[in-house]
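Report on the following structure.
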Amino acid sequence: MGIEPCSLRDSKAILIWKKSDWRMSHNAKQQVSFSSSLEENMEVVKRELGNSTDLVTRTVRMEAIGQIEVGILYTEGLVDKSLISNFMESLMVHAHKREIPSDDALADEPLSLIKDFMLTMGGVELLDDLDELFNAVLTGDTVLLVEGCTQGFIVNTKQWEDRGVQETSVQTVVRGSREAFSESLRTNTALVRRRINNRHLWLETKQIGKMTQTKVSVMYIKGVADENVIAEVQRRLNRIDIDGILESGNIEELIQDAAFTPFPTIYNTERPDSVAAGLLEGRVAILVDGTPIVLLVPAIFVQFFQSPEDYYQRSDFGLLRMLRLLSFFIALLGPSIYVAITTFHQEMLQTNLLMSIAAQREGVPFPAAVEAMLMELTFELLREAGVRMPRAVGSAISIVGALVLGEAAVQAGLVSPATVIVVSITAITSFVFPSFSMSIPIRMLRFGLIALAASFGLIGVFVGLIALCLHLCTLRSFGVPYMSPLAPLNLADQRDTLLRLPIWMMHTRPYFLRPKNSIREHDNKPNPPRESVH
Amino acid sequence: MKRKAVFVLAAVLLLLTTGCWNRRELNDLAIVMAVGIDKVDGEYLLSTQIVNPGGVAASKDGAGGTQSAVATYSMRSADIFEGIRRLTTMTPRRLYFSHIQVLVLGEQVAREGTKEVLDLLFRDHEVRPDFYVILAKDTSALHILSMLDPLEKIPATKLYKSLETGEKAWGSVISIQLDEFITQLLSEGSEPVLVGVTVKGKVQTGSNGNNPQQESVSTLLKYEDIGVFKEDKLQGWFNEKESIGFSYITDRLDSTVEAIPCDKNSKLIIEIIHSKSTLDGRVVNGKPQVEVKIEAEGNVGEVACAIDLAKSQTIYKLEREVEKRIKEKIQNVITKAQKQFHSDAFGFGQVIYQNDPKGWEKVKHNWNEAFADLKVKINVDVKLRRTGKVGNSFIPFIKKD
């Protein structure tokens with residue numbers, strides 16, 4: 001759409017204003033054009049925004065070129081004030097000094113004149129739709145309307161207070177980048193771009209949420225990511241019809257594969273380097289404005305046990321993944337196996353161990369299952385309190401938690417020390433996972449397994465485990481089986497699953513992601529000269 | 001959706017309404033550590049040693065010290081099973097048999113036959129057949145179980161541990177588990193054996209709570225002699241030396257000590273550190289014969305004689321001496337088994353069956369008689385490896401007045 005000619009003298013065209021039309025027109029995308037009267041346009045905007053007090057409207061007169069009246073609209077707090085004063089200056093002051101070609105054709109086209117000679121900004125767009133105007137004004141752009149014209153300009157002046165790039169607070173590492181995403185979408189895309197300087201890193205942005213108009217960006221490397229996955233992500237995002245998106249968790253819930261599962265089928269991270277690594281493997285990132293948490297799809301089960309640090313430390317460090325897997329089983333099964341063995345299968349314990357546990361249980365009034373449930377519940381309460389409480393009262397919780405509940409409960413003979421040990425180990429292991437979203441299903445399933453253990457013993461526990469295993473195998477994330485590359489098994493992908501082999505051995509991108517270009521590297525094995533280099 | 005909800009509800013109800021079948025809390029169990037079976041006036045006397053966990057565990061506030069670690073309950077009844085159930089009229093908790101460490105059989109039971117006694121313990125699913133079976137020699141199983149020891153709070157643990165250490169270090173003690181005993185009982189050409197335990201000192205003082213608190217314990221339990229069975233009936237005992245010989249033959253020996261007198265007053269002690277026995281049996285011309293080959297290694301342990309250990313000749317001489325002694329022990333025990341008990345406790349028949357199955361077919365019908373006249377060739381080879389930290393002994397150099 002180009003600039004339509006408009007005359008300063010010709011202000012006959014009257015806007016036919018149908019209020020009810022444009023308000024409900026989000027889906028229909030009905031264009032509502034402007035009147036050629038600046039004053040009327042400004043009034044309409046003010047009225048539609050309910051005279052909101054953060055809306056700033058100014059009318060300036062440009063003497064230089066035949067008395068053009070220009071209306072300026074922006075929302076205070078969302079704009080870069082210095083930019084605004086900058087271009088006001090160029091409109092009001094420099095316009096006088098400037099030598100304007102007194103071409104008739106140009107004089108009749110004040111919009112072109114302004115655009116070509118007076119707007120000293122980078123991002124300028126033509127505007128001829130009221131919806132677009134609101135969108136621009138409310139996201140921090142400045143709108144310029146000109147008397148006698150049915151078009152205007154959007155000037156990119158967005159700037160608002162944000163936290164800036166800060167240190168990671170959830171997914172911390174010893175070795176590796178400390179940058180974390182922040183709430184601003186633009187900052188976040190920049191953080192990823194800084195890591196992948198490639199023209200194939202593509203970014204598509206759309207607005208989701210009828211009310212919030214939240215910007216959601218889809219990022220991928222063209223030629224690496226599976227086109228089907230990209231298309232599927234687009235399709236699922238386009239399906240969303242909701243009033244507001246406030247966090248990427250909202251998106252996650254709306255686009256995940258299985259509606260009812262305790263396990264996360266979409267990976268989330270606050271680390272730009274994790275996202276960059278995922279993109280390089282052929283995943284698709286979904287960035288949502290207003291949250292530092294970025295989504296990465298497709299996600300697989302073992303991904304939640306992998307930390308970016310696995311790749312930054314030497315490859316033997318990757319053995320820690322075994323430790324994490326072990327802690328997954330302890331966190332999931334610890335209390336239930338304890339309950340099952342002490343109430344059903346005492347013969348499985350070594351005699352001395354049995355006696356020491358039996359001695360601890362002397363005089364404890366509850367069955368082992370109730371005891372374990374109580375302690376687990378207490379621990380969950382403590383953890384929840386620790387997250388929600390105001391920082392100032394933090395020490396009170398730890399004193400009450402550690403001293404009163406741990407020590408006093410044992411002293412009073414309400415719980416046995418063995419149970420406290422089991423619950424503590426479980427608690428510690430549940431903090432081992434690099435991804436918090438995996439510890440949530442484990443916490444929940446633990447209680448179910450305790451109930452099974454209390455009613456059927458080990459048989460119950462194993463039936464529960466089998467059911468869990470079956471469930472995990474039915475899950476998919478954007479078409480990729482959740483348990484891959486373990487089930488279905490892919491031997492090549494085992495190089496980066498439970499272990500991490502040296503980087504020079506991982507020649508290919510993960511096959512389960514079906515990357516368009518699966519070659520990651522060619523022979524990189526260190527090959528130093530045999531003799532001394534001196 | 002509705003059907004799903006009903007299904008979930010049914011599953012939950014199924015889970016919750018079954019209750020907890022077979023659930024046993026730890027503090028409702030009486031953990032039986034040892035079982036003793038005696039026969040008195042044609043009735044069984046069943047004794048169970050139950051551990052009191054509160055008395056065993058080391059508690060920092062010292063509460064454990066005042067409680068007794070075990071309680072031994074006994075009950076007379078016509079059958080063992082009946083006895084076990086009847087015992088619950090005396091015990092506050094349900095008896096739990098999975099952790100039995102030893103089964104003590106009274107000598108009377110052993111002489112009259114053990115098969116009825118053992119079937120129950122072998123059959124019941126709760127009992128694991130990996131506990132040791134021992135015989136109460138010259139006393140009753142109940143007495144054995146009621147002896148308290150200063151080092152081990154639980155008598156059953158004391159029986160169990162000293163059985164294992166005795167077997168490792170001395171050789172006259174053998175540890176036989178229930179399943180092993182039953183295997184021996186069932187297999188052709190071998191008879192079971194069990195080790196005996198007896199009380200040294202007065203039973204009265206031994207079962208008194210003060211016994212463990214004395215520094216020099218006046219009454220204690222001691223493993224001695226191996227009881228030889230014929231089928232499931234006890235026939236008699238191998239004494240200590242014969243028991244060591246028995247261990248040599250059956251390859252149970254880990255380590256023992258051999259003494260060689262070098263003159264009237266002084267002795268030289270050899271520590272056997274390793275012994276390997278190889279048995280070979282055949283039927284030659286209708287006559288069974290067995291060869292026992294022992295390869296042993298030893299160290300010089302103690303020297304009180306004036307001999308020169310630096311010379312290899314001396315060492316060779318000593319080796320011959322040790323071989324002679326071992327051979328003597330082996331010969332004695334075989335003769336006793338052949339002549340006195342007519343019981344093939346060594347499993348020679350089994351050896352023939354394994355090496356010469358066709359020959360075994362010929363002799364197995366009258367194995368009892370054949371065993372009595374069995375020719376056993378004994379071959380002992382001893383190697384002395386080390387003489388300890390020093391060479392020759394200092395004893396001959398002590399100044400004489």
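Residue names in the structure tokens use chain letters A, B, ... in the order shown, residue numbers from 1 in each chain, and ligand numbers from 1 in the order shown.
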
Could you give me, as JSON lines, a per-residue list for chain B showing, wherever an atom lies at most 6 Å from an atom of chain A, the closest pair of atoms and their distance in Å to one decimal, using only C-alpha atoms and sorting by chain then residue number from low to high?
```
{"residue": "B:Cys20", "atom": "CA", "partner": "A:Ser455", "partner_atom": "CA", "distance": 4.6}
{"residue": "B:Arg23", "atom": "CA", "partner": "A:Phe344", "partner_atom": "CA", "distance": 5.5}
{"residue": "B:Arg24", "atom": "CA", "partner": "A:Thr343", "partner_atom": "CA", "distance": 5.1}
{"residue": "B:Glu25", "atom": "CA", "partner": "A:Thr343", "partner_atom": "CA", "distance": 4.9}
{"residue": "B:Leu26", "atom": "CA", "partner": "A:Ala358", "partner_atom": "CA", "distance": 5.6}
{"residue": "B:Asn27", "atom": "CA", "partner": "A:Glu362", "partner_atom": "CA", "distance": 5.6}
{"residue": "B:Pro53", "atom": "CA", "partner": "A:Ala359", "partner_atom": "CA", "distance": 4.3}
{"residue": "B:Gly54", "atom": "CA", "partner": "A:Ala359", "partner_atom": "CA", "distance": 4.7}
{"residue": "B:Ala57", "atom": "CA", "partner": "A:Ser356", "partner_atom": "CA", "distance": 5.8}
{"residue": "B:Ser98", "atom": "CA", "partner": "A:Glu347", "partner_atom": "CA", "distance": 5.4}
```

Original post:
Taking the backbone alone, and naming residues the way the document does, which bits of region 121-187 of chain A are strand (DSSP E or B) by DSSP, as a VMD selection string?
Top reply: chain A and resid 124 to 127 142 to 146 152 to 155 158 167 179

**OP:** Show which residues sit within 12 Å of Phe181 (chain A), as number ranges by chain. Count only C-alpha atoms, and ignore same-chain residues fewer than 3 positions away.
**Re:** A: 162-171, 177-178, 184-192, 268-275, 287-295

Original post:
Contacts of region 323-325 of chain A at 12 Å or less, counting only C-alpha atoms, minus same-chain residues fewer than 5 places along, as a ChimeraX atom specification?
Top reply: /A:301-307,310,317-318,330-332,428-435,438-439,497-499

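CA of Ile221 (chain A) to CA of Leu280 (chain A) spans 7.2 Å [interatomic distance, one decimal].
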
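For Ser140 (chain B), the non-local neighbours within 7 Å, defined as residues at least 4 positions apart in the same chain or in other chains and counting only C-alpha atoms, are Asp38, Gly106, Ala136 and Ile144 of chain B.
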
Generate the output file for the selected residues, C-alpha atoms, as a PDB file, in the first residue's frame.
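Listing of part_18.pdb after writing:
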```
ATOM      1  CA  ASP B  38      14.168 -80.646  71.820  1.00  0.00           C
ATOM      2  CA  GLY B 106      18.586 -81.217  70.629  1.00  0.00           C
ATOM      3  CA  ALA B 136      23.135 -79.307  71.013  1.00  0.00           C
ATOM      4  CA  ILE B 144      22.031 -73.420  74.295  1.00  0.00           C
TER       5      ILE B 144
END
```

Original post:
Using only C-alpha atoms, which residues sit within 8 Å of Gln289 (chain B) once same-chain residues fewer than 4 positions away are excluded, as a list of chain:residue names?
Top reply: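 Listing them by chain and then by number gives B:Gly281, B:Arg282, B:Val283, B:Val284, B:Leu374, B:Lys375, B:Val376, B:Lys377.
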
Subject >> Spatial neighbours of region 517-520 of chain A, max dist 10 Å, only C-alpha atoms, sep filter under 6 positions, as a list in words >> reply: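 Non-adjacent residues within range: Lys222, Gly223, Val224, Ala225, Asp226, Leu280, Glu281, Gly282, Trp504, Met506, His507, Thr508, Arg509, Pro510 and Tyr511 of chain A.
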
**OP:** Please identify which residues in region 94-285 of chain B DSSP calls alpha helix (DSSP H) from the backbone, and express them as number ranges by chain.
**Re:** B: 107-112, 115-123, 141-145, 155-169, 178-186, 203-206, 240-249
